[in-house]
$ cat final-v8.tsv   # TSV, C-alpha atoms
chain	number	residue	atom	x	y	z
B	15	MET	CA	18.00	4.68	-4.42
B	16	VAL	CA	14.69	2.83	-4.27
B	17	LEU	CA	11.47	4.72	-4.89
B	18	VAL	CA	8.20	3.04	-3.91
B	19	VAL	CA	4.92	4.70	-4.80
B	20	VAL	CA	2.06	3.14	-2.85
B	21	GLY	CA	-0.77	5.54	-3.63
B	22	VAL	CA	-3.10	7.61	-1.51
B	23	ARG	CA	-6.33	6.66	0.21
B	24	PRO	CA	-8.66	9.36	1.55
B	25	ASP	CA	-9.04	9.29	5.35
B	26	THR	CA	-12.73	10.12	5.60
B	27	ASP	CA	-13.97	8.11	8.60
B	28	LEU	CA	-14.92	11.18	10.66
B	29	LEU	CA	-16.88	12.85	7.86
B	30	VAL	CA	-18.59	9.63	6.80
B	31	ALA	CA	-19.60	8.92	10.42
B	32	ALA	CA	-21.13	12.41	10.50
B	33	GLY	CA	-23.19	11.59	7.40
B	34	ALA	CA	-21.11	12.93	4.48
B	35	GLN	CA	-21.55	11.27	1.10
B	36	THR	CA	-18.59	9.65	-0.65
B	37	GLY	CA	-17.64	9.53	-4.31
B	38	PRO	CA	-14.75	8.16	-6.37
B	39	ARG	CA	-12.27	6.06	-4.35
B	40	GLY	CA	-14.13	6.86	-1.12
B	41	ALA	CA	-13.41	10.60	-1.19
B	42	VAL	CA	-16.02	12.91	0.35
B	43	VAL	CA	-18.27	14.66	-2.16
B	44	VAL	CA	-18.04	18.46	-2.03
B	45	ASP	CA	-19.48	21.17	-4.23
B	46	GLU	CA	-17.41	23.92	-5.87
B	47	THR	CA	-17.39	25.93	-2.61
B	48	MET	CA	-15.99	22.84	-0.80
B	49	ALA	CA	-19.23	22.34	1.19
B	50	THR	CA	-19.72	18.71	2.24
B	51	GLY	CA	-23.51	18.80	2.45
B	52	LEU	CA	-23.26	18.70	6.26
B	53	PRO	CA	-24.31	21.93	8.01
B	54	HIS	CA	-21.38	24.37	8.35
B	55	VAL	CA	-18.76	21.78	7.26
B	56	TRP	CA	-16.32	22.38	4.43
B	57	ALA	CA	-13.49	20.03	3.52
B	58	ALA	CA	-10.46	20.16	1.23
B	59	GLY	CA	-7.39	18.18	0.24
B	60	ASP	CA	-6.72	14.50	-0.25
B	61	CYS	CA	-9.96	13.46	1.49
B	62	VAL	CA	-12.37	15.09	-1.02
B	63	VAL	CA	-13.30	14.77	-4.68
B	64	THR	CA	-12.07	17.18	-7.33
B	65	HIS	CA	-14.19	18.87	-9.98
B	66	HIS	CA	-12.05	18.21	-13.06
B	67	ARG	CA	-12.77	20.14	-16.25
B	68	LEU	CA	-12.42	17.04	-18.46
B	69	LEU	CA	-13.29	14.14	-16.16
B	70	GLY	CA	-16.07	15.70	-14.10
B	71	VAL	CA	-16.08	14.61	-10.44
B	72	THR	CA	-12.98	12.51	-9.76
B	73	TYR	CA	-10.25	11.96	-7.16
B	74	LEU	CA	-6.93	13.82	-7.64
B	75	PRO	CA	-4.75	13.73	-4.53
B	76	LEU	CA	-2.27	16.45	-5.55
B	77	GLY	CA	-0.74	19.17	-3.41
B	78	THR	CA	-1.57	21.91	-5.91
B	79	THR	CA	-5.22	20.81	-5.98
B	80	ALA	CA	-5.38	20.58	-2.17
B	81	HIS	CA	-3.90	24.06	-1.84
B	82	LYS	CA	-6.55	25.58	-4.12
B	83	GLN	CA	-9.33	23.67	-2.35
B	84	GLY	CA	-8.07	24.83	1.06
B	85	ARG	CA	-8.10	28.42	-0.04
B	86	VAL	CA	-11.67	28.16	-1.33
B	87	ALA	CA	-12.83	26.45	1.89
B	88	GLY	CA	-11.14	29.18	3.97
B	89	GLU	CA	-12.69	31.95	1.89
B	90	LYS	CA	-16.11	30.33	2.31
B	91	ARG	CA	-15.58	30.03	6.08
B	92	ALA	CA	-14.72	33.73	6.12
B	93	ARG	CA	-18.15	34.32	4.54
B	94	ARG	CA	-16.74	35.24	1.13
B	95	THR	CA	-17.79	33.67	-2.13
B	96	CYS	CA	-14.88	32.10	-3.98
B	97	PRO	CA	-15.96	29.01	-5.95
B	98	LEU	CA	-13.25	26.62	-7.06
B	99	ARG	CA	-12.46	26.61	-10.76
B	100	ARG	CA	-12.43	23.17	-12.28
B	101	GLN	CA	-9.01	21.55	-12.10
B	102	SER	CA	-6.91	20.02	-14.87
B	103	ARG	CA	-4.31	18.02	-12.94
B	104	HIS	CA	-1.26	20.26	-13.16
B	105	ALA	CA	1.96	18.81	-11.79
B	106	GLY	CA	5.69	19.26	-12.06
B	107	GLY	CA	8.67	17.68	-10.41
B	108	GLN	CA	12.34	16.85	-10.53
B	109	VAL	CA	14.25	13.61	-10.10
B	110	PHE	CA	18.01	14.16	-10.06
B	111	ASP	CA	18.75	16.19	-13.22
B	112	LEU	CA	15.46	15.40	-14.99
B	113	VAL	CA	12.50	17.79	-14.78
B	114	ALA	CA	8.96	16.91	-15.85
B	115	ALA	CA	5.68	18.82	-16.01
B	116	ARG	CA	2.16	17.96	-17.10
B	117	THR	CA	-1.32	19.37	-17.37
B	118	GLY	CA	-4.60	17.73	-18.34
B	119	LEU	CA	-4.91	14.10	-19.42
B	120	ARG	CA	-2.33	11.67	-20.76
B	121	GLU	CA	-3.33	9.44	-23.67
B	122	HIS	CA	-4.35	6.41	-21.59
B	123	GLU	CA	-6.34	8.63	-19.19
B	124	ALA	CA	-8.15	10.26	-22.12
B	125	ARG	CA	-9.02	6.86	-23.58
B	126	ALA	CA	-10.31	5.64	-20.19
B	127	ALA	CA	-12.47	8.79	-19.95
B	128	GLY	CA	-14.16	8.01	-23.27
B	129	PHE	CA	-12.23	10.35	-25.55
B	130	VAL	CA	-10.60	9.22	-28.80
B	131	PRO	CA	-7.08	10.53	-28.15
B	132	ALA	CA	-4.61	11.63	-30.80
B	133	THR	CA	-1.10	12.30	-29.49
B	134	SER	CA	1.80	14.07	-31.12
B	135	ALA	CA	5.36	14.05	-29.79
B	136	ALA	CA	8.29	16.35	-30.56
B	137	ARG	CA	11.80	16.83	-29.25
B	138	PRO	CA	12.83	20.45	-29.95
B	139	ASP	CA	15.71	22.27	-28.31
B	140	ASP	CA	14.97	24.49	-25.31
B	141	HIS	CA	16.31	27.48	-27.23
B	142	LYS	CA	17.86	28.27	-30.62
B	143	ALA	CA	20.59	25.78	-31.47
B	144	TYR	CA	23.02	28.53	-32.54
B	145	TYR	CA	23.02	29.81	-28.96
B	146	PRO	CA	25.40	27.69	-26.84
B	147	GLY	CA	24.04	25.07	-24.45
B	148	ALA	CA	20.83	24.12	-26.25
B	149	GLN	CA	19.27	20.95	-24.79
B	150	PRO	CA	16.32	18.90	-26.04
B	151	ILE	CA	12.91	18.88	-24.37
B	152	SER	CA	10.49	16.03	-25.02
B	153	ILE	CA	6.94	17.29	-25.56
B	154	ARG	CA	3.75	15.24	-25.95
B	155	VAL	CA	0.40	16.88	-26.69
B	156	THR	CA	-2.87	14.94	-26.61
B	157	GLY	CA	-6.16	16.03	-28.13
B	158	ASP	CA	-9.50	14.46	-28.94
B	159	ALA	CA	-9.51	13.14	-32.53
B	160	HIS	CA	-13.25	13.79	-32.93
B	161	THR	CA	-13.50	17.36	-31.62
B	162	GLY	CA	-9.93	18.67	-31.83
B	163	ARG	CA	-10.18	19.65	-28.16
B	164	LEU	CA	-6.85	19.91	-26.31
B	165	LEU	CA	-6.81	17.32	-23.52
B	166	GLY	CA	-3.30	17.53	-22.07
B	167	ALA	CA	0.44	17.97	-22.48
B	168	GLN	CA	3.63	16.65	-20.90
B	169	LEU	CA	7.18	18.00	-21.01
B	170	ILE	CA	10.43	16.37	-19.91
B	171	GLY	CA	13.89	17.93	-20.04
B	172	ALA	CA	17.18	18.29	-18.27
B	173	ARG	CA	17.49	20.60	-15.28
B	174	GLY	CA	18.31	24.03	-16.65
B	175	THR	CA	15.87	23.78	-19.56
B	176	GLU	CA	13.23	25.40	-17.35
B	177	THR	CA	10.79	22.69	-18.39
B	178	ALA	CA	8.47	23.36	-15.45
B	179	LYS	CA	8.24	27.04	-16.44
B	180	ARG	CA	7.21	26.18	-20.01
B	181	TRP	CA	3.86	24.60	-19.18
B	182	THR	CA	0.92	26.73	-18.20
B	183	PRO	CA	-2.40	25.58	-16.80
B	184	MET	CA	-5.00	24.88	-19.46
B	185	PRO	CA	-7.28	27.87	-20.06
B	186	PRO	CA	-10.88	27.65	-18.91
B	187	PRO	CA	-13.13	26.03	-21.51
B	188	SER	CA	-14.72	28.55	-23.84
B	189	SER	CA	-18.46	28.95	-23.85
B	190	THR	CA	-18.52	27.69	-27.45
B	191	ALA	CA	-16.66	24.43	-26.71
$ encode --input "final-v8.tsv" --output "structure tokens"
Amino acid sequence: MVLVVVGVRPDTDLLVAAGAQTGPRGAVVVDETMATGLPHVWAAGDCVVTHHRLLGVTYLPLGTTAHKQGRVAGEKRARRTCPLRRQSRHAGGQVFDLVAARTGLREHEARAAGFVPATSAARPDDHKAYYPGAQPISIRVTGDAHTGRLLGAQLIGARGTETAKRWTPMPPPSSTA
């Protein structure tokens, strides 16, 4: 099997021709209600920016992000108020018998965003070793060395370890953070 990942480019020609502003990687700038700044035009998905809780306005072409954005845009179109909560880049997937999940920033992403990352890794079993069938899960947690703020986590384990069920989206930032 050969897997080629070529990336994603936002297809924004129509919105740009109509006068929409672009941001990171050419994605259309939207506010937290998915409004484009054009009268009565909302946009969502891989063509728009994301309001990330750690990175600010950025480009995250992920299905989970697009789904949330689409729901907010639809709610707004239906004349309801439903602002989008800031995202944290949650993802999970499986390749053969390996399952991985992540939320937030990885160490190199945190460094590029101006944080001073500190990462800790562990490889505990998915359940108590005395119970038959225990399998290891690799866990990496990254925080900011200056503030102690949690920036992200990644988990990798064999299928059956329920790795993807072990991660939860990062909680909203507290008002004291």
$ residues_around --input "final-v8.tsv" --residues "B:Gly171" --least-positions-apart "3" --cutoff "8 Å" --atoms "only C-alpha atoms" --output "PyMOL selection string"
chain B and resi 112-114+149-152+175-177
$ residues_around --input "final-v8.tsv" --residues "B:Asp60" --least-positions-apart "6" --cutoff "12 Å" --atoms "all atoms listed in the file" --output "list in words"
Gly21, Val22, Arg23, Pro24, Asp25, Thr26, Pro38, Arg39, Gly40, Ala41, Val42, Val43, Thr72, Tyr73, Leu74, Pro75, Leu76, Gly77, Thr78, Thr79, Ala80, His81, Lys82, Gln83 and Gly84 of chain B
$ residues_around --input "final-v8.tsv" --residues "stretch 118-123 of chain B" --least-positions-apart "4" --cutoff "10 Å" --atoms "only C-alpha atoms" --output "JSON, numbers by chain"
{"B": [66, 67, 68, 69, 101, 102, 103, 104, 105, 127, 128, 129, 130, 131, 132, 133, 154, 155, 156, 157, 158, 164, 165, 166, 167, 168, 183, 184]}
$ atom_distance --input "final-v8.tsv" --atom1 "atom CA of B:Pro53" --atom2 "atom CA of B:Gly70"
24.4 Å
$ closest_residue --input "final-v8.tsv" --among "B:Thr64, B:Ser134, B:Thr36, B:Thr47" --to "B:Arg91" --atoms "all atoms listed in the file"
B:Thr47
$ closest_residue --input "final-v8.tsv" --among "B:Val55, B:Ala124, B:Ala115, B:Leu169" --to "B:Pro138" --atoms "only C-alpha atoms"
B:Leu169
$ atom_distance --input "final-v8.tsv" --atom1 "atom CA of B:Gly37" --atom2 "atom CA of B:Gly107"
28.2 Å
$ atom_distance --input "final-v8.tsv" --atom1 "atom CA of B:Gly162" --atom2 "atom CA of B:Ala126"
17.5 Å
$ residues_near_point --input "final-v8.tsv" --point "(-23.6, 19.8, -3.8)" --cutoff "12 Å" --atoms "all atoms listed in the file" --output "PDB file with C-alpha atoms, in the frame of the given file"
ATOM      1  CA  ALA B  34     -21.110  12.930   4.480  1.00  0.00           C
ATOM      2  CA  GLN B  35     -21.550  11.270   1.100  1.00  0.00           C
ATOM      3  CA  THR B  36     -18.590   9.650  -0.650  1.00  0.00           C
ATOM      4  CA  GLY B  37     -17.640   9.530  -4.310  1.00  0.00           C
ATOM      5  CA  VAL B  42     -16.020  12.910   0.350  1.00  0.00           C
ATOM      6  CA  VAL B  43     -18.270  14.660  -2.160  1.00  0.00           C
ATOM      7  CA  VAL B  44     -18.040  18.460  -2.030  1.00  0.00           C
ATOM      8  CA  ASP B  45     -19.480  21.170  -4.230  1.00  0.00           C
ATOM      9  CA  GLU B  46     -17.410  23.920  -5.870  1.00  0.00           C
ATOM     10  CA  THR B  47     -17.390  25.930  -2.610  1.00  0.00           C
ATOM     11  CA  MET B  48     -15.990  22.840  -0.800  1.00  0.00           C
ATOM     12  CA  ALA B  49     -19.230  22.340   1.190  1.00  0.00           C
ATOM     13  CA  THR B  50     -19.720  18.710   2.240  1.00  0.00           C
ATOM     14  CA  GLY B  51     -23.510  18.800   2.450  1.00  0.00           C
ATOM     15  CA  LEU B  52     -23.260  18.700   6.260  1.00  0.00           C
ATOM     16  CA  TRP B  56     -16.320  22.380   4.430  1.00  0.00           C
ATOM     17  CA  VAL B  63     -13.300  14.770  -4.680  1.00  0.00           C
ATOM     18  CA  HIS B  65     -14.190  18.870  -9.980  1.00  0.00           C
ATOM     19  CA  VAL B  71     -16.080  14.610 -10.440  1.00  0.00           C
TER      20      VAL B  71
END
$ decode --input "final-v8.tsv" --residues "stretch 102-114 of chain B" --atoms "C-alpha atoms" --output "mmCIF file, in the first residue's frame"
data_model
loop_
_atom_site.group_PDB
_atom_site.id
_atom_site.type_symbol
_atom_site.label_atom_id
_atom_site.label_comp_id
_atom_site.auth_asym_id
_atom_site.auth_seq_id
_atom_site.Cartn_x
_atom_site.Cartn_y
_atom_site.Cartn_z
ATOM 1 C CA SER B 102 -8.397 22.719 19.458
ATOM 2 C CA ARG B 103 -7.662 20.420 16.508
ATOM 3 C CA HIS B 104 -9.190 17.141 17.655
ATOM 4 C CA ALA B 105 -8.558 14.149 15.426
ATOM 5 C CA GLY B 106 -8.530 10.390 15.551
ATOM 6 C CA GLY B 107 -7.967 7.661 13.037
ATOM 7 C CA GLN B 108 -6.979 4.101 12.334
ATOM 8 C CA VAL B 109 -4.419 2.553 10.003
ATOM 9 C CA PHE B 110 -4.650 -1.237 9.928
ATOM 10 C CA ASP B 111 -4.499 -2.307 13.603
ATOM 11 C CA LEU B 112 -3.067 0.972 14.929
ATOM 12 C CA VAL B 113 -5.350 3.670 16.350
ATOM 13 C CA ALA B 114 -4.254 7.238 17.082
#
